[in-house]
Structure formats: structure tokens, C-alpha cells
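See below for my_file_17.pdb, which holds PDB, C-alpha atoms.
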```pdb
ATOM      1  CA  MET R  76       0.000   0.000   0.000
ATOM      2  CA  ILE R  77       2.847   2.372   0.794
ATOM      3  CA  THR R  78       4.457   1.778  -2.583
ATOM      4  CA  PHE R  79       1.130   2.452  -4.309
ATOM      5  CA  LYS R  80       0.905   5.746  -2.416
ATOM      6  CA  VAL R  81       4.491   6.616  -3.393
ATOM      7  CA  ILE R  82       3.722   6.054  -7.075
ATOM      8  CA  ASP R  83       0.531   8.135  -6.901
ATOM      9  CA  ASN R  84       2.292  10.932  -4.963
ATOM     10  CA  LEU R  85       0.207  10.325  -1.833
ATOM     11  CA  ALA R  86       3.159   9.411   0.400
ATOM     12  CA  PRO R  87       5.575  11.688   2.282
ATOM     13  CA  ALA R  88       8.533  13.063   0.339
ATOM     14  CA  TYR R  89      11.105  11.089   2.336
ATOM     15  CA  LEU R  90       9.546   7.844   1.034
ATOM     16  CA  SER R  91       9.053   9.134  -2.503
ATOM     17  CA  ASP R  92      12.760   9.967  -2.707
ATOM     18  CA  LEU R  93      13.653   6.302  -2.073
ATOM     19  CA  VAL R  94      11.750   4.861  -5.050
ATOM     20  CA  THR R  95      12.420   5.528  -8.734
ATOM     21  CA  MET R  96      10.347   4.481 -11.714
ATOM     22  CA  LYS R  97      11.995   2.287 -14.324
ATOM     23  CA  ARG R  98      12.014   3.620 -17.861
ATOM     24  CA  GLY R  99      10.298   1.552 -20.514
ATOM     25  CA  SER R 100      12.396  -0.018 -23.204
ATOM     26  CA  CYS R 101      11.560   0.170 -26.885
ATOM     27  CA  TYR R 102      12.359  -3.567 -27.134
ATOM     28  CA  ASN R 103      10.036  -4.681 -24.362
ATOM     29  CA  VAL R 104       6.698  -3.470 -25.737
ATOM     30  CA  ARG R 105       4.467  -5.766 -23.639
ATOM     31  CA  LEU R 106       5.862  -4.544 -20.340
ATOM     32  CA  SER R 107       5.960  -0.868 -21.298
ATOM     33  CA  LYS R 108       2.315  -0.466 -20.223
ATOM     34  CA  SER R 109       3.072  -1.776 -16.749
ATOM     35  CA  ILE R 110       4.515   0.388 -13.979
ATOM     36  CA  THR R 111       7.835  -1.042 -12.808
ATOM     37  CA  LEU R 112      10.311   0.290 -10.284
ATOM     38  CA  PHE R 113      14.100   0.388 -10.382
ATOM     39  CA  ASP R 114      15.567  -2.256  -8.064
ATOM     40  CA  PRO R 115      18.773  -0.916  -6.463
ATOM     41  CA  SER R 116      19.651  -4.280  -4.908
ATOM     42  CA  ALA R 117      20.398  -5.631  -8.392
ATOM     43  CA  LYS R 118      23.151  -3.054  -8.829
ATOM     44  CA  TYR R 119      24.212  -2.108  -5.308
ATOM     45  CA  LYS R 120      24.574  -4.036  -2.090
ATOM     46  CA  VAL R 121      21.393  -3.148  -0.193
ATOM     47  CA  THR R 122      19.811  -5.224   2.536
ATOM     48  CA  LEU R 123      16.304  -6.483   1.805
ATOM     49  CA  GLY R 124      14.984  -5.019   5.038
ATOM     50  CA  GLU R 125      15.272  -1.528   3.630
ATOM     51  CA  PHE R 126      12.277   0.070   1.944
ATOM     52  CA  LYS R 127      14.510   1.179  -0.924
ATOM     53  CA  ALA R 128      15.124  -2.448  -1.911
ATOM     54  CA  ALA R 129      12.000  -4.184  -0.634
ATOM     55  CA  ALA R 130       9.467  -1.886  -2.304
ATOM     56  CA  PRO R 131      10.672  -2.427  -5.904
ATOM     57  CA  LYS R 132      11.086  -6.187  -5.439
ATOM     58  CA  THR R 133       7.588  -6.572  -4.024
ATOM     59  CA  TRP R 134       5.970  -4.148  -6.480
ATOM     60  CA  ASN R 135       7.618  -5.691  -9.561
ATOM     61  CA  SER R 136       6.547  -9.185  -8.474
ATOM     62  CA  LEU R 137       2.852  -8.221  -8.548
ATOM     63  CA  LEU R 138       0.647  -9.043 -11.505
ATOM     64  CA  ASP R 139       0.190  -6.342 -14.144
ATOM     65  CA  ASN R 140      -3.533  -5.925 -13.477
ATOM     66  CA  ILE R 141      -2.750  -5.136  -9.823
ATOM     67  CA  ARG R 142       0.108  -2.721 -10.579
ATOM     68  CA  ASN R 143      -1.910  -0.810 -13.167
ATOM     69  CA  GLN R 144      -4.789   0.056 -10.834
ATOM     70  CA  SER R 145      -5.449   3.762 -10.358
ATOM     71  CA  ASN R 146      -8.056   3.401  -7.598
ATOM     72  CA  ILE R 147      -6.564   2.699  -4.163
ATOM     73  CA  ASN R 148      -9.618   0.751  -2.967
ATOM     74  CA  GLN R 149      -9.582  -1.527  -6.013
ATOM     75  CA  PHE R 150      -5.807  -1.946  -5.604
ATOM     76  CA  ARG R 151      -6.293  -2.961  -1.962
ATOM     77  CA  ILE R 152      -8.934  -5.570  -2.891
ATOM     78  CA  LEU R 153      -6.817  -7.085  -5.674
ATOM     79  CA  LEU R 154      -3.694  -7.089  -3.498
ATOM     80  CA  LYS R 155      -5.465  -8.847  -0.643
ATOM     81  CA  THR R 156      -6.913 -11.457  -3.010
ATOM     82  CA  HIS R 157      -3.499 -12.002  -4.602
ATOM     83  CA  PHE R 158      -1.766 -12.622  -1.270
ATOM     84  CA  PHE R 159      -4.537 -14.913  -0.023
ATOM     85  CA  ARG R 160      -4.214 -16.991  -3.197
ATOM     86  CA  LEU R 161      -0.451 -17.209  -2.713
ATOM     87  CA  ALA R 162      -0.820 -18.232   0.926
ATOM     88  CA  TYR R 163      -3.668 -20.699   0.583
ATOM     89  CA  ASP R 164      -3.264 -22.107  -2.922
ATOM     90  CA  GLY R 165      -3.743 -25.866  -2.796
ATOM     91  CA  ILE R 166      -4.714 -26.019   0.878
ATOM     92  CA  ILE R 167      -8.475 -26.078   0.350
TER      93      ILE R 167
END
```

Let me see whether you can do it: turn the structure in this file into C-alpha cells.
Amino acid sequence: MITFKVIDNLAPAYLSDLVTMKRGSCYNVRLSKSITLFDPSAKYKVTLGEFKAAAPKTWNSLLDNIRNQSNINQFRILLKTHFFRLAYDGII
């Protein structure tokens, strides 16, 4: 939820400064519609406990239909459903 707020400029500036959007590539046309974040842990040594590294990893692992939501309530519903499916897939 915090990363969603950072992307939509609803979060405090100190959090917004930690996350950068990844530029789309002309070769990767399918993914250019999806919002992805630059992952600093791929280039620099950053611990995963830090928001700077954890936010892009978590955000980029979400499905495109979740990442592309513009409504925070719809995003929350889809995110909750996604994590429940990951946690309980195959149990029931």
C-alpha cells in the first residue's frame, strides 16, 4: 500500500525519494504499459529489510492488473486477493 501511495504521490517526500520508476524499453513493448520500479539491490549491495530495496522487489513481483490500478480501494482488494491466493493455494 505504501508503494502504491508513493507512485501516486500520496506518500511523504522522504519515502518518494527512495523509489524511482523504471524507464520503458523500446524492445520490451508488452511490459511498457506496466509500472515497474528500479531495483537498487540488483546493482548495489542493499539489505532487503530496507524500503529502498523491498518496495521495488515486491511491487515488480505483482501481476500487471494489480500494478496498473489507479483506484486505491480496487488496488487494496486485488492485493489482498493475490496474497490470499499465494498463501492458501492448494490447501483447500

Identify the residues around (-3.9, -7.3, -3.4) within a radius of 12 Å, measuring from all atoms listed in the file in the coordinates stated by the file, and give them as a PyMOL selection string.
-> chain R and resi 76+79+133-134+136-144+147-161

Limited to C-alpha atoms, could you put the picked residues into a file as a compact mmCIF listing (two decimals), in the coordinates of the input?
```
# COMPACT_ATOMS: atom_id res chain seq x y z
CA MET R 76 0.00 0.00 0.00
CA PHE R 79 1.13 2.45 -4.31
CA THR R 133 7.59 -6.57 -4.02
CA TRP R 134 5.97 -4.15 -6.48
CA SER R 136 6.55 -9.18 -8.47
CA LEU R 137 2.85 -8.22 -8.55
CA LEU R 138 0.65 -9.04 -11.50
CA ASP R 139 0.19 -6.34 -14.14
CA ASN R 140 -3.53 -5.92 -13.48
CA ILE R 141 -2.75 -5.14 -9.82
CA ARG R 142 0.11 -2.72 -10.58
CA ASN R 143 -1.91 -0.81 -13.17
CA GLN R 144 -4.79 0.06 -10.83
CA ILE R 147 -6.56 2.70 -4.16
CA ASN R 148 -9.62 0.75 -2.97
CA GLN R 149 -9.58 -1.53 -6.01
CA PHE R 150 -5.81 -1.95 -5.60
CA ARG R 151 -6.29 -2.96 -1.96
CA ILE R 152 -8.93 -5.57 -2.89
CA LEU R 153 -6.82 -7.08 -5.67
CA LEU R 154 -3.69 -7.09 -3.50
CA LYS R 155 -5.46 -8.85 -0.64
CA THR R 156 -6.91 -11.46 -3.01
CA HIS R 157 -3.50 -12.00 -4.60
CA PHE R 158 -1.77 -12.62 -1.27
CA PHE R 159 -4.54 -14.91 -0.02
CA ARG R 160 -4.21 -16.99 -3.20
CA LEU R 161 -0.45 -17.21 -2.71
```

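For the residues R:Ser145, R:Ala86, R:Phe113, R:Ala162, ranking by smallest atom-to-atom distance to Ala130 (chain R) using only C-alpha atoms places R:Phe113 first.
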
Surrounding residues of Met96 (chain R) excluding itself and chain neighbours under 6 positions, 10 Å, only C-alpha atoms, as a PyMOL selection string | chain R and resi 82+110-114+131

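Picture a line from CA of Ser109 (chain R) to CA of Leu85 (chain R); it runs 19.4 Å.
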
Separation of CA of Lys132 (chain R) from CA of Asp92 (chain R), in Å and rounded to one decimal | 16.5 Å

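The interatomic distance for the pair CA of Tyr163 (chain R) and CA of Lys80 (chain R) works out to 27.0 Å.
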
If you count all atoms listed in the file, which residues fall within 10 Å of Pro115 (chain R), apart from same-chain ones fewer than 5 positions away, as a PDB file with C-alpha atoms, keeping the file's coordinate frame?
```pdb
ATOM      1  CA  LEU R  93      13.653   6.302  -2.073  1.00  0.00           C
ATOM      2  CA  VAL R  94      11.750   4.861  -5.050  1.00  0.00           C
ATOM      3  CA  THR R  95      12.420   5.528  -8.734  1.00  0.00           C
ATOM      4  CA  LYS R 120      24.574  -4.036  -2.090  1.00  0.00           C
ATOM      5  CA  VAL R 121      21.393  -3.148  -0.193  1.00  0.00           C
ATOM      6  CA  LYS R 127      14.510   1.179  -0.924  1.00  0.00           C
ATOM      7  CA  ALA R 128      15.124  -2.448  -1.911  1.00  0.00           C
ATOM      8  CA  ALA R 129      12.000  -4.184  -0.634  1.00  0.00           C
ATOM      9  CA  PRO R 131      10.672  -2.427  -5.904  1.00  0.00           C
ATOM     10  CA  LYS R 132      11.086  -6.187  -5.439  1.00  0.00           C
TER      11      LYS R 132
END
```
